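*Asks:* Provided herewith is a single structure, encoded as structure tokens, for subsequent inquiry.
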Amino acid sequence: MQRYSALSLLRHALTGQKGWKPAWRSPEPKSSYDVVIIGAGGHGLATAYYLAKNHGIRNVAVLEKGWLGGGNTGRNTQVTRSNYFWPQSAAFFDRSLQLYETLSRDLNYNIMLSQRGILTLAHSHHELEGIRRWVNAIQINGVDSEVMTAQEIKKLVPLINLNCRFPIQGGFIQRRGGISRHDAVAWGYARAASDFGVDIIQQCEVTGFDIKAGRVNGVQTTRGPIKADKVSIAVAGHTSVLAKMAGFRMPVTSMALQAMVSEPIKPCLDTVVLSSIIHVYVSQSDRGELVIGGGADVYNSYAERGGIPLLEECVASLMELFPAFSCLRLMRQWAGTVDVTPDTTPIMGKTPVDNLFVSGGWGTGGYKAIPAGGETMAWTIVHDRPHPLIEDFGLERFEAGALIDEGAASGVAH
Amino acid sequence: MLQINCPFCGCRDEVEFSFGGESHIVRPSIGCSDAEWSDYLFYEENLKGIHCERWSHSFGCGRWFNVARDTVTHEIHAVYKIGDPKPALEK
């Protein structure tokens, strides 16, 4: 692998930028692999990377029906945080945030992590009471978070309108939360995994599974059959579609989650601001665009485009919070297909089919979980039992009734 | 914006309606297993294609009905009453 550094930048600048090599290989698929991962998004690529790095399993293929990082990995709003209520979630998502904190160095790829803090607003006395309880739980989980008064919020975010409809009563901030560059996370993992020998095969759609006596032996693809000892599904909104091919159902609903960006402006917002009640969140990217998101569209959808009612709600809420933004134009709007679970906690681990694994149900919050998702899924695939951090995230919880209801703690309600 | 043809009020904009999830889910008997109960409560077809689902005209007549809608194109193929069988629409 060609290492990136200030020195390499300088050297290539002096030689006309002609010496750069592709960041990853694009090989033809082999006829068999130890592990086949379906979906070259953040989770699939991270799983392949940790299989190679932590477990020495390098005969791995990542199959992608479209292009690498072209699904939800390239459509999310790049937020990372670990301010969860339940201990299982906090342990998992904080592990993810810790991995993010050193990821640029680990991958030799700048993911542009900016821990600018994520501020959650309270618009009523009762919501503020709820937030106090939530912050206590987060702190007991060993994660940083602090309650802020309305005045402290105004000082931190001068453009905010405290007297919006449902006036702001206070809020809380996780200062280690923030944003990073989502494409870089996919590309960084792809480059590092490819360097370990992982084959990343784009434009290769899985069309079926080869299952005999309840055990998966490989997949059928648009580029021919591929044998595999183990197969892992990491396809976000299409989890149910793949599960159906393998003969089982999933407790998820696929919905369109939209996001949008404004035209670029000078720096004016150096925190991620989120309101659960009026349903909007916003941050400013390094390019100067305001990145805006809200809730998911209300009905099942695989369309990868958002509806107008939610777009209007989102923008109207933003105007309430930041009246100054009303003079900006929206530049782009898009949507991804997210698979939402009943308890808004992901589904990770084994499936009813032997040697077939799933990492899904990420709903509206999969991006922040990419590093820990990859690390724990790799461990799970190797050991054929769930990694201790994800023991409670398995499908069994729906039968046992042991749901991990993060609806309250997930920031924007799913 | 979806345009939904309420069987009681006629065609209205999506914002007048509430979504009620998948239709035709049959409640299992009282003596069912934990697995059957979990399947009933949480598991879904979550179809990519024509999906039969419940809608309520909450800012209109308030009544529930079924809609067969394509989850990729969002095209509505049929609107029919609660209790009516699934229309034959398989592509």
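Residues in the structure tokens are named by chain (A, B, ... in the order shown) and by number from 1 within that chain; ligands are numbered from 1 in the order shown.
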Residues of chain B within 6 Å of chain A, counting only C-alpha atoms - could you list those as number ranges by chain?

*Replies:* B: 1, 34-35, 38, 42-44, 46, 71-72

*Asks:* Write out as a PyMOL selection string the set of residues from chain B that DSSP, computed on the backbone, places in helix (DSSP H, G or I).

*Replies:* chain B and resi 14-16+34-42

*Asks:* Got a sec to tell me which of chain B DSSP assigns to strand (DSSP E), as a ChimeraX atom specification?

*Replies:* /B:3-6,10-13,18-22,50-56,64-70,76-81

*Asks:* Can you measure atom CA of Gly83 of chain B to atom CA of Arg63 of chain B for me? One decimal in Å is fine.

*Replies:*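 Pair atom CA of Gly83 of chain B / atom CA of Arg63 of chain B returns 13.0 Å.
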
*Asks:* Between B:Ser18, B:Ser23, B:Gln3, B:Ser33, which residue has the minimum interatomic distance to Asn66 of chain B, considering only C-alpha atoms?

*Replies:*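 Checking each of B:Ser18, B:Ser23, B:Gln3, B:Ser33 against Asn66 of chain B, counting only C-alpha atoms, the winner is B:Ser23.
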
*Asks:* Would you list the contacts of Ser56 of chain B as a PyMOL selection string, taking every protein, DNA or RNA residue within 8 Å and counting only C-alpha atoms, but skipping same-chain residues closer than 5 positions in sequence?

*Replies:* chain B and resi 17-20+62-65

*Asks:* Keeping C-alpha atoms, export the residues of the selection given above as an mmCIF file, in the first residue's frame.

*Replies:*
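Written file, again_28.cif:
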data_model
loop_
_atom_site.group_PDB
_atom_site.id
_atom_site.type_symbol
_atom_site.label_atom_id
_atom_site.label_comp_id
_atom_site.auth_asym_id
_atom_site.auth_seq_id
_atom_site.Cartn_x
_atom_site.Cartn_y
_atom_site.Cartn_z
ATOM 1 C CA PHE B 17 -53.404 10.211 6.647
ATOM 2 C CA SER B 18 -51.586 8.102 9.236
ATOM 3 C CA PHE B 19 -49.673 4.975 8.318
ATOM 4 C CA GLY B 20 -50.518 1.774 10.156
ATOM 5 C CA GLY B 62 -60.807 8.860 10.825
ATOM 6 C CA ARG B 63 -61.538 5.433 9.355
ATOM 7 C CA TRP B 64 -59.046 2.672 8.569
ATOM 8 C CA PHE B 65 -58.640 0.963 5.211
#

*Asks:* Which neighbours of Val26 of chain B fall inside 12 Å, counting only C-alpha atoms, when residues of the same chain fewer than 6 positions from it are skipped, and could you give them as a VMD selection string?

*Replies:* chain B and resid 36 to 37 39 to 41 44 83

*Asks:* Limited to N, CA and C atoms, could you put the picked residues into a file as a compact mmCIF listing (two decimals), in the first residue's frame?

*Replies:*
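Writing the result to part.txt gives the following:
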# COMPACT_ATOMS: atom_id res chain seq x y z
N GLU B 36 -44.03 -17.98 17.98
CA GLU B 36 -45.17 -17.52 17.18
C GLU B 36 -45.60 -16.12 17.62
N TRP B 37 -45.58 -15.90 18.92
CA TRP B 37 -46.00 -14.60 19.45
C TRP B 37 -45.02 -13.50 19.01
N ASP B 39 -43.11 -13.62 16.39
CA ASP B 39 -43.29 -13.45 14.96
C ASP B 39 -44.47 -12.52 14.67
N TYR B 40 -45.53 -12.71 15.42
CA TYR B 40 -46.74 -11.88 15.26
C TYR B 40 -46.46 -10.42 15.64
N LEU B 41 -45.75 -10.24 16.75
CA LEU B 41 -45.53 -8.88 17.26
C LEU B 41 -44.53 -8.09 16.43
N GLU B 44 -41.84 -8.85 10.06
CA GLU B 44 -42.59 -8.26 8.96
C GLU B 44 -42.15 -8.86 7.63
N GLY B 83 -60.78 -5.95 6.21
CA GLY B 83 -61.57 -7.18 6.17
C GLY B 83 -61.67 -7.77 4.78

*Asks:* So that I can check the surroundings of Asn141 of chain A, please list as an mmCIF file with C-alpha atoms, in the first residue's frame every protein, DNA and RNA residue that reaches within 8 Å of it, counting only C-alpha atoms and ignoring chain neighbours fewer than 5 positions away.

*Replies:*
data_model
loop_
_atom_site.group_PDB
_atom_site.id
_atom_site.type_symbol
_atom_site.label_atom_id
_atom_site.label_comp_id
_atom_site.auth_asym_id
_atom_site.auth_seq_id
_atom_site.Cartn_x
_atom_site.Cartn_y
_atom_site.Cartn_z
ATOM 1 C CA PHE A 85 -29.246 5.331 27.805
ATOM 2 C CA TRP A 86 -28.910 1.576 28.201
ATOM 3 C CA PRO A 87 -25.556 0.121 29.338
ATOM 4 C CA ALA A 90 -23.413 2.786 25.664
ATOM 5 C CA ALA A 91 -20.651 0.161 25.859
#

*Asks:* Could you make a table, as JSON lines, of the residues of segment 341-402 of chain A that have an atom within 12 Å of an atom of segment 102-124 of chain A, each with its nearest atom pair and distance in Å to one decimal, counting only C-alpha atoms, in chain and number order?

*Replies:*
{"residue": "A:Lys368", "atom": "CA", "partner": "A:Leu113", "partner_atom": "CA", "distance": 11.4}
{"residue": "A:Ile370", "atom": "CA", "partner": "A:Leu103", "partner_atom": "CA", "distance": 11.0}
{"residue": "A:Pro371", "atom": "CA", "partner": "A:Leu103", "partner_atom": "CA", "distance": 8.4}
{"residue": "A:Ala372", "atom": "CA", "partner": "A:Leu103", "partner_atom": "CA", "distance": 11.3}

*Asks:* Between A:Tyr84, A:Phe393, A:Tyr367, A:Phe166, which residue has the minimum interatomic distance to Pro346 of chain A, considering only C-alpha atoms?

*Replies:*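 Of A:Tyr84, A:Phe393, A:Tyr367, A:Phe166, the one nearest Pro346 of chain A, counting only C-alpha atoms, is A:Phe393.
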
*Asks:* Calculated over only C-alpha atoms, which of the candidates B:Val15, B:Ile25, B:Leu89, B:Val79 has the smallest distance to Ser58 of chain B?

*Replies:*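 Comparing B:Val15, B:Ile25, B:Leu89, B:Val79 against Ser58 of chain B, the winner is B:Val15.
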
*Asks:* Fewer than 5 positions away in the same chain doesn't count, so skip those; otherwise give me all residues within 6 Å of segment 352-366 of chain A, counting only C-alpha atoms, as a PyMOL selection string.

*Replies:* chain A and resi 214-216+230-234+236+338-341+346-347

*Asks:* Could the residues in this selection be saved with C-alpha atoms as a short mmCIF file (atom, residue, chain, number, x, y, z; two decimals), in the first residue's frame?

*Replies:*
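Output file selection_6.cif is given in full below:
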data_model
loop_
_atom_site.label_atom_id
_atom_site.label_comp_id
_atom_site.auth_asym_id
_atom_site.auth_seq_id
_atom_site.Cartn_x
_atom_site.Cartn_y
_atom_site.Cartn_z
CA GLY A 214 -29.79 -25.44 7.10
CA ARG A 215 -26.21 -24.41 6.35
CA VAL A 216 -25.02 -21.80 3.87
CA LYS A 230 -19.29 -18.23 6.01
CA VAL A 231 -21.46 -15.42 4.73
CA SER A 232 -22.37 -12.16 6.43
CA ILE A 233 -25.13 -9.77 5.39
CA ALA A 234 -24.47 -6.03 5.80
CA ALA A 236 -28.89 -1.92 5.65
CA VAL A 338 -32.90 2.45 6.44
CA ASP A 339 -34.04 -0.72 8.23
CA VAL A 340 -35.66 0.26 11.50
CA THR A 341 -36.16 -2.25 14.34
CA PRO A 346 -29.43 -3.06 15.79
CA ILE A 347 -29.67 -6.76 15.01
#

*Asks:* Find the spatial neighbours of Arg132 of chain A, counting only C-alpha atoms, within a cut-off of 10 Å - ignore same-chain residues fewer than 2 positions away - and output them as a ChimeraX atom specification.

*Replies:* /A:126-130,134-138,146-148,171-172

*Asks:* Produce a file of the selected residues containing C-alpha atoms, as a PDB file, in the first residue's frame.

*Replies:*
ATOM      1  CA  HIS A 126     -40.542  17.928  31.223  1.00  0.00           C
ATOM      2  CA  GLU A 127     -38.137  17.288  28.411  1.00  0.00           C
ATOM      3  CA  LEU A 128     -35.388  18.936  30.444  1.00  0.00           C
ATOM      4  CA  GLU A 129     -36.235  16.671  33.388  1.00  0.00           C
ATOM      5  CA  GLY A 130     -36.004  13.707  31.025  1.00  0.00           C
ATOM      6  CA  TRP A 134     -30.758  10.635  30.542  1.00  0.00           C
ATOM      7  CA  VAL A 135     -27.480  12.472  31.290  1.00  0.00           C
ATOM      8  CA  ASN A 136     -27.235  10.735  34.665  1.00  0.00           C
ATOM      9  CA  ALA A 137     -27.604   7.387  32.926  1.00  0.00           C
ATOM     10  CA  ILE A 138     -24.994   8.325  30.322  1.00  0.00           C
ATOM     11  CA  GLU A 146     -23.352  17.489  30.599  1.00  0.00           C
ATOM     12  CA  VAL A 147     -26.575  19.434  31.036  1.00  0.00           C
ATOM     13  CA  MET A 148     -26.562  23.012  29.716  1.00  0.00           C
ATOM     14  CA  GLY A 171     -30.245  20.815  26.770  1.00  0.00           C
ATOM     15  CA  PHE A 172     -27.201  18.617  27.044  1.00  0.00           C
TER      16      PHE A 172
END

*Asks:* Using Å and a single decimal, report how far atom CA of Asp286 of chain A sits from atom CA of Ala324 of chain A.

*Replies:*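 Pair atom CA of Ala324 of chain A / atom CA of Asp286 of chain A returns 19.5 Å.
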